[in-house]
Structure formats: C-alpha cells, structure tokens
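Asks: Before anything else, here's the structure in question.
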Amino acid sequence: MAEDNCPPEIVEEVDYGGLNQCGLGYIYRYFRAKDQQNNYSPYCLQIISVINHESFDVNDIDFPDDLDTFGICNPDELIPERLAYPYGKPVVNDDECSLVGYAYHDHVLSATVPGDPCFKIIRVWKVIDWCQRDIDNNVIIWQDTQYIKVRNLIDPTIDRITKDTVICSYDVNCRPIPVTFSIEAGDDCTDPLLMLYTYKIDFDSDGTIDVVRAGIGERVASGTWPLGRHTVKWEVEDRCGNTAKESFIMDLRNCKPPVAYCLNGVSTNLTPMDLDGDGIPDTAMDSVWAKDFDAGSYHNCGYYVTLSFSADTNDKYRVYDCDDRGLQAVELWVTDINGNTSFCRTFIDVQDNLGFCPPNIRNSNVEGIITTEKDDRVQNVSINLVNSGLNEVKTDIEGKYSFLQLPNGQSVTVSPSKTDGWLNGVSTADIVKIQRHILGLEPLSTAYKMIAADVNRSKSITAKDISDLRRLILGVTNDVPGNTSWRFVHQLYSFNDVTNSLNENFPESYEINGLTTDMKLDFYAIKTGDVTNNALTKGFGNSTTRSNKTLELETPEQQLEVGQTGEVVIKVKNGSDYEGMQFTIQWDSRKLDLEGVEGNTAIRVRDDNYSTQHAAEGKLTFSYNGPMTNGEWILKLKYKAKQNIRMSESLVVNSGITPAVSVVKASGEEGQVVMNFAGMSEQEFVVMQNEPNPWTQETTIGMMLPQAGEVQISIYDLAGKIQLKERVEMKKDIMNTNYPMQRSVRQEYTITKLTINQILLLKR
C-alpha cells in the first residue's frame, strides 16, 4: 500500500531466477510507488518460497509387463515403440515439480535348453526424476526388468547335403584323402548364417563318433580323413533350439588296382578218376585253383584280394582232363574289396605222367603269331625250331608261322629272331622319351618299352643307351654289340613289376618237353630303341609317318668364289616349340670342302651330336635333344669353295643318312624339318632335294615359289624315262608336295632330273 498527496501508481517487478529446473525455490517480487512527477519510492521486497509437498516416487511409475509370444523372429520387431500397452514403454504420473526420464537396455539370449523359448529379451528399464537426489546428491533411479520370451517350434529344413559319394585316391602310400563337403539349410526364424552347424564323422561306420566339429554359419567342412566307408552326420540348429539332422556315406577308397603277381607257369599231372564207381578209372583229370598260380598278389593298402580265373570272382577253379594235355593259357585275376581288378597271364602244363590218357598217335602242329605290343603283326621274323632238324621259317604278312605234322614225343624249342633294320622306328623322339624316363619325368609305362630302351642289353637304362642309340641315328655305327635289333617275349609271360622288368628272366623262346598235342605259341616283338612304337612291321623301308608340324632351320644366303672360305650358321627359327631334331646336311662335294664344324655348347650341342664320318661324300649327320629358343644357332659349318657357288644351290637338309625329323614339345610326336636361306631374292625360284631319295613308296619335293601360279613338274628315273608329268597350282612361299609311286611290283626310284617351269635342276 502506498500513500501520497496525489494517488500514486504501484510498479511491480517479479524475479523467477530463484527457481530451479524443477520449478522449486524462490520467487522475488519488487514493489515501489511512482507519483505523477515520476518520483519513485524505495523498493519493497516480497519473497515467495515454492516447495513440493508430494514428491514423484515409484508409485507414480507403471512399468511394462512381461511378454510371452510366438512367431516374432526378429528382435527389432520387439522394440518398445512397436509394442502396445502394457508391453511398450513405462507410464509415469508426474507433475510440474518433476522432470522424469526413462531408458532401457536389452540382453538377447538364445535358447540353451531344449524346450526353452527361441530367444529371450531381458529388458532392463531405468526411470529417473532429475528433480530428486539422495543425501549424497546422486539422482534417484527406479529400475525394473521386463522379460520378453519368443517361442518357435518349427525345425530348420536341410535343402542340400553331399550325396553318398565315392572318392578315389591313387596314392601308392595309401595316405588319408583331403575331402570337402557342404550343406545348405533354411529356417523360418533364423538366418542360415546365424544357425549352428555340426558335423560328426563315424569312421568305418562302426557306431562310434570319431570327429565332431561345430560352428555358427559353418556350412562347408573340410579335412583329411583315412580310407574307409565313413558315415557323416549333419545337424543344423536354429536360434530357437530346433534341429534338423541328415547323414550321408563318404566312401574313401584307394582305387589303385591290386598287383597281380603270377607264377611263371604251373604244371599238373592228371589223376585217374572212377566216375561210375565200378573200380575202373574212366578218365583222368585234375582240379586247379586260382590260388595255385598266385606268386604273392597284393594291394598296396593291405586290402583283402580275391583270386579268380576271370573278372567273375566266383570263377575260382578249373578242371583239366586228357583233352587239355599240353600248354594251356591262364589268366589270374585279382580283385580288391572295392572291385578294382588287375590280371596277369601265365600258363599251365597239363601232363599225363601215369600214361592213363589214350596215346596220341597223330602228329602235332606248333604254330603262333608274332605281334608288337600294340598288336601290329610282324612279318619276316625268323622262327627256328631247335632240335627238330627242320629249317627255320619266316612269319608271313599276318605275322603267322607254323611247323606242321611234328612227331609227338619230340622235345624242341621255339626261338624267334630278327636282326635287320636297326634304324627302323628309331629317331631322336625315342631319345627324348628315354631321357625323360631316366630323369624320372615320364617313366616308361610297360615292360616292353623298358626292353626297347635297354639298347645295349645291360639290364638297365642309362645315358649309355642314349649314346648308343644316337650313334646309330648318326650313322656312326650300324648295330649295337651285344644286342639284336629285335627282341621277343613269350606272350603268356606276365611281368611282375614294370620298374624291375629288365631284371626278370623273361622267356625269349619256349621249350617244349615232349610234344603231345597241338601248341599255339605267340610272342611279342620288341624293336630295340623304339619306345614310340612306330617301327614298320611289314614290307620294306623305314617308317616315314610324320605330323604336319615343321621345324624351320635358317641360314643366310651367300655366294662363294673359287678358293673363298665361308661360314654357314644354322639357326632354329621356331625352336621353342620343339625338344629335339635330327637330319642330314648334304652338299655338293665337287663344289665345297668341309673344313670345320662347331656346335653351340651353350645348349650342349657337342661333337657327339653330329658325325663327319661321311664328309667325303658331302654328308654330315646331326641329332640333338634339349631346350631351344627361337633364333638360336645350333651349328656353324666352315666351307671352302672349289667353284663359284651359291649356298642355296649347293647345300640342303634331307634324310640322306639320318632322316630329317623334329620332335614336337607339346605332343612328343615326330614332325618335319626344312631349311630356308634368308636373304634370297623374292624373285628366285628354288627347288630343294627330294627326300627320301632313293625311295620306294613316296617322296617329298620342297619348293620355294616367289609368287603363286601354275608349276609344271616332270620327274625322270635313272634310265631317263619320264615317270610323272603334271601341272599344279601352287601358292607363294615354301611348299612340300608328296609324290607316290603306285606300282604292282615294288621297286626303288631315284630322282635324277626335275624339270620345273623350264628350269632344269639336277639333284644327286
């Protein structure tokens, strides 16, 4: 209240600065009077205290209730914002004097006990009133725990597992096999990457679990497991504790065939048999079991093996009688527990030592066939029937021989032999394969190839065999002392071990002790040095089958005057594609003298890779195997000219002594060899020496054409008689044209004169 001579105006100011954030504290009111002349009286202060007589407490909080539900698989769908009352958020009864807040923290627990919920959410709620503190000035917190349980009873589904499977190993040491297998599964409530995958392995399927592995999301399993028929059990568990199970058989086998090991021949004596029970023998027979021929057959892994006379494992015995007297072929089959088989061949000599069988008063025949390992029939093999008094016979074009109407009771030996054609089927390609065998890079696969590679018959395969073979190829020698060009093995003989076959006493002839019946004695023929199996077995001449691959040699064209010396550097233009070559270099000895030869020692071309033995005749032979690069030189030849010459007209690569053959690196097959003269004018027309020359069946003429066009070719024989005349269209560059001579009477041809487009060329 204020007084003045004139009624004053009351001015009020309110200060809320004494209140805290909860609205509690002090309000300050300031009053003063103002007259009409704007004069103010002193302030009058009023203090108002604001207090809370009923504080916020736990009774003002309604915490969410616990929740038990089915089919909600994603915890994100159970956040408070998505749950309705009373499961969502706390409900608080606060007023102006409270400042209430709340928060929560979830703990998600998966099922650990069958029957438990799929997962639990333990949601811890905290509520605070920022306006209240305890005696230690800490904010008061009210806490409650909400339990949310999610249940699911649907099992996962297994969509795919590895099927029952057989896994083969060919390891000679029978070591465990590395294996990988997998599973695919799905679930209505759990992501496949979050499911628990467990696999258990029961080795040998004996009911005992030997391996257990488990992991979240681990759908691929791998390991190295022992040989055997094992059961693998998969189990998939979702986050709800539901499981699915499946199993499969993992059959880990060593599929290397067993080793068949035959005795080299068995003899049996027929026993008289009384079949009708009258006390008088009616026939003579004997039973022989497969095991009687076994010399220790086995499997590397110790598997049990079954012996039989055929692939049928029940075929375990044979019965022989008087009609079977003499030599009978036998196969011994060996089968392991996995059905893998191998067999060896041997024979049984059925004898009637007691003389019960009716006497065979007729004469008997001895005959047979000579073939190669790949069943090519071999002609002109000499067959000697030792101690028979008969002359030797030769096999016919079908490889057959026969000795007819031989008196029974004779003891004779059938002995095949063939000593001609040392170079038949032999080339640097064989040296390449023999060297790869020696180095362990590509072992020879059969006993017959091993025998062929033992060129010097030392019962071992060494660098000496390569040296002896190369000397043959180069024409340095005509044979190998101590060996023959062909060897033979009785076909009923079975080698026990390819790697040790040279040390086995294999039969190269067959001895008949007392002939009693017809006998068929077949032999394998083995061409010494020919491990590529391309020797000719019929007719005359050497094998000339070549692929269309051509190794190109190159040397610069040059001209020499009388008395001038020049060097011919021979390079391999495309050598990187080849691993061997051989050829004859021929020159006109009336025009050139060879004064020196140098090999590229950087690639190991040494003096044993070439021969100058026939240099007086104008021929040098060459054989090399080893790595080559394109453009690399191999030989340098130093010549002195006797006349003015062009090198391209006086020097040629052909098959004069050593056949021109290349060895293709990728396939090992034999290709051709040509030599080009670099720097020749494109306008020049060149005809190369035909090869082979002389020839019996076919010759090849190489030509270098400056441009495409029609070429007239005339070929004359030694008598000057024209043998062929034709016009052909040819393309530019090097061309090789084959000319067969088809005659009813085989004879040898030599080209002495070629007339081509009116250019006369003499080749001798």
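Following the order of the structure tokens, first chain is A, next is B, and so on, with residues numbered from 1 inside each chain and ligands from 1 in the order they appear.
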Just the residues within 8 Å of stretch 310-321 of chain A, please, counting only C-alpha atoms, with nothing from its chain fewer than 6 positions along; format it as number ranges by chain.
Replies: A: 270, 283-290, 331-333, 335, 341, 350
Asks: Could those selected residues go to a file with N, CA and C atoms, as a PDB file, in the first residue's frame?
Replies:
ATOM      1  N   LEU A 270      47.613-135.261 -64.455  1.00  0.00           N
ATOM      2  CA  LEU A 270      46.247-135.771 -64.433  1.00  0.00           C
ATOM      3  C   LEU A 270      46.163-137.025 -63.570  1.00  0.00           C
ATOM      4  N   THR A 283      38.471-141.903 -66.640  1.00  0.00           N
ATOM      5  CA  THR A 283      39.151-140.765 -67.258  1.00  0.00           C
ATOM      6  C   THR A 283      40.242-140.288 -66.316  1.00  0.00           C
ATOM      7  N   ALA A 284      40.929-139.267 -66.741  1.00  0.00           N
ATOM      8  CA  ALA A 284      41.938-138.644 -65.875  1.00  0.00           C
ATOM      9  C   ALA A 284      41.697-137.142 -65.885  1.00  0.00           C
ATOM     10  N   MET A 285      41.737-136.551 -64.741  1.00  0.00           N
ATOM     11  CA  MET A 285      41.501-135.111 -64.647  1.00  0.00           C
ATOM     12  C   MET A 285      42.166-134.566 -63.395  1.00  0.00           C
ATOM     13  N   ASP A 286      42.173-133.267 -63.318  1.00  0.00           N
ATOM     14  CA  ASP A 286      42.720-132.617 -62.128  1.00  0.00           C
ATOM     15  C   ASP A 286      42.078-131.247 -61.987  1.00  0.00           C
ATOM     16  N   SER A 287      41.824-130.861 -60.750  1.00  0.00           N
ATOM     17  CA  SER A 287      41.274-129.534 -60.452  1.00  0.00           C
ATOM     18  C   SER A 287      42.412-128.617 -60.012  1.00  0.00           C
ATOM     19  N   VAL A 288      42.398-127.432 -60.554  1.00  0.00           N
ATOM     20  CA  VAL A 288      43.423-126.439 -60.221  1.00  0.00           C
ATOM     21  C   VAL A 288      42.720-125.162 -59.779  1.00  0.00           C
ATOM     22  N   TRP A 289      43.183-124.597 -58.673  1.00  0.00           N
ATOM     23  CA  TRP A 289      42.571-123.386 -58.118  1.00  0.00           C
ATOM     24  C   TRP A 289      43.385-122.160 -58.509  1.00  0.00           C
ATOM     25  N   ALA A 290      42.693-121.045 -58.549  1.00  0.00           N
ATOM     26  CA  ALA A 290      43.358-119.791 -58.929  1.00  0.00           C
ATOM     27  C   ALA A 290      44.543-119.497 -58.017  1.00  0.00           C
ATOM     28  N   GLU A 331      44.689-116.881 -67.210  1.00  0.00           N
ATOM     29  CA  GLU A 331      44.706-115.526 -66.660  1.00  0.00           C
ATOM     30  C   GLU A 331      44.367-115.601 -65.179  1.00  0.00           C
ATOM     31  N   LEU A 332      45.179-114.973 -64.346  1.00  0.00           N
ATOM     32  CA  LEU A 332      44.907-114.882 -62.916  1.00  0.00           C
ATOM     33  C   LEU A 332      44.410-113.477 -62.627  1.00  0.00           C
ATOM     34  N   TRP A 333      43.142-113.382 -62.191  1.00  0.00           N
ATOM     35  CA  TRP A 333      42.534-112.087 -61.889  1.00  0.00           C
ATOM     36  C   TRP A 333      42.593-111.837 -60.389  1.00  0.00           C
ATOM     37  N   THR A 335      41.091-109.211 -57.482  1.00  0.00           N
ATOM     38  CA  THR A 335      40.049-108.208 -57.225  1.00  0.00           C
ATOM     39  C   THR A 335      40.120-107.775 -55.771  1.00  0.00           C
ATOM     40  N   THR A 341      40.377-104.284 -60.263  1.00  0.00           N
ATOM     41  CA  THR A 341      40.945-105.555 -60.718  1.00  0.00           C
ATOM     42  C   THR A 341      42.236-105.341 -61.502  1.00  0.00           C
ATOM     43  N   VAL A 350      49.640-129.222 -68.671  1.00  0.00           N
ATOM     44  CA  VAL A 350      48.845-130.378 -68.238  1.00  0.00           C
ATOM     45  C   VAL A 350      49.543-131.653 -68.726  1.00  0.00           C
TER      46      VAL A 350
END
Asks: Can you pull out every residue within 9 Å of A:Asp588, counting only C-alpha atoms, but drop anything in the same chain fewer than 3 positions away, and send it as a PyMOL selection string?
Replies: chain A and resi 591-593+617-619+649-651+764
Asks: Show which residues sit within 9 Å of A:Gly186, as number ranges by chain. Count only C-alpha atoms, and ignore same-chain residues fewer than 3 positions away.
Replies: A: 156-159, 189-192, 195, 238
Asks: Find the spatial neighbours of A:Val58, counting only C-alpha atoms, within a cut-off of 10 Å - ignore same-chain residues fewer than 3 positions away - and output them as a ChimeraX atom specification.
Replies: /A:61-63,92-93,127-128,141-143
Asks: Write to file, as a compact mmCIF listing (two decimals), in the first residue's frame, the residues of the selection just made, with C-alpha atoms.
Replies:
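Result file result33.txt:
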# COMPACT_ATOMS: atom_id res chain seq x y z
CA ILE A 61 5.51 -45.45 -12.39
CA ASP A 62 3.68 -48.19 -14.32
CA PHE A 63 6.47 -50.41 -15.74
CA VAL A 92 4.56 -42.15 -15.41
CA ASN A 93 2.29 -39.93 -13.29
CA VAL A 127 13.38 -44.25 -14.60
CA ILE A 128 14.82 -41.11 -13.00
CA ILE A 141 16.90 -44.18 -10.16
CA TRP A 142 13.95 -46.57 -10.16
CA GLN A 143 14.66 -49.87 -12.03
Asks: Mind giving me the straight-line distance from atom CA of A:Gln146 to atom CA of A:Pro80 in Å, one decimal?
Replies: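 Pair atom CA of A:Gln146 / atom CA of A:Pro80 returns 11.0 Å.
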Asks: For stretch 505-522 of chain A, please output as a tab-separated table (two decimals) with C-alpha atoms, in the first residue's frame all residues within 7 Å (counting only C-alpha atoms; exclusion window: fewer than 5 positions along the same chain).
Replies:
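What landed in around-v8.tsv:
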chain	number	residue	atom	x	y	z
A	325	ARG	CA	47.18	-132.10	-72.31
A	326	GLY	CA	49.96	-129.69	-73.12
A	327	LEU	CA	50.24	-125.96	-72.64
A	360	ASN	CA	48.10	-139.52	-79.12
A	364	SER	CA	51.04	-132.33	-83.75
A	365	ASN	CA	51.41	-128.78	-85.01
A	366	VAL	CA	53.30	-125.91	-83.46
A	367	GLU	CA	52.18	-122.51	-84.67
A	368	GLY	CA	51.74	-118.96	-83.49
A	369	ILE	CA	51.65	-115.25	-84.23
A	370	ILE	CA	54.28	-112.56	-83.71
A	408	ASN	CA	54.80	-136.42	-80.88
A	409	GLY	CA	57.31	-137.02	-78.14
A	410	GLN	CA	59.89	-134.63	-79.55
A	411	SER	CA	61.44	-132.05	-77.23
A	412	VAL	CA	62.05	-128.83	-79.15
A	413	THR	CA	62.49	-125.11	-78.52
A	414	VAL	CA	60.68	-122.38	-80.44
A	415	SER	CA	63.10	-119.48	-80.88
A	416	PRO	CA	62.16	-116.30	-82.82
A	488	PHE	CA	60.93	-111.30	-78.28
A	489	VAL	CA	58.88	-112.27	-75.22
A	490	HIS	CA	56.54	-115.22	-74.93
A	491	GLN	CA	53.05	-113.69	-74.72
Asks: Can you pull out every residue from stretch 129-345 of chain A that DSSP, working from the backbone, puts in strand (DSSP E or B), and format the result as JSON, numbers by chain?
Replies: {"A": [129, 130, 131, 132, 133, 139, 140, 141, 142, 143, 144, 145, 146, 147, 148, 149, 150, 151, 157, 158, 159, 160, 161, 165, 166, 167, 168, 169, 177, 178, 179, 180, 181, 182, 183, 184, 185, 186, 196, 197, 198, 199, 200, 201, 202, 211, 212, 213, 214, 215, 216, 220, 221, 222, 223, 224, 225, 228, 229, 230, 231, 232, 233, 234, 235, 236, 237, 243, 244, 245, 246, 247, 248, 249, 250, 251, 252, 253, 254, 259, 262, 266, 267, 268, 269, 271, 272, 273, 283, 284, 285, 286, 287, 288, 289, 294, 298, 305, 306, 307, 308, 317, 318, 319, 320, 321, 326, 327, 328, 329, 330, 331, 332, 333, 334, 335, 336, 341, 342, 343, 344, 345]}
Asks: Can you work out the spacing between atom CA of A:Ser667 and atom CA of A:Cys255 in Å, to one decimal?
Replies: 27.8 Å
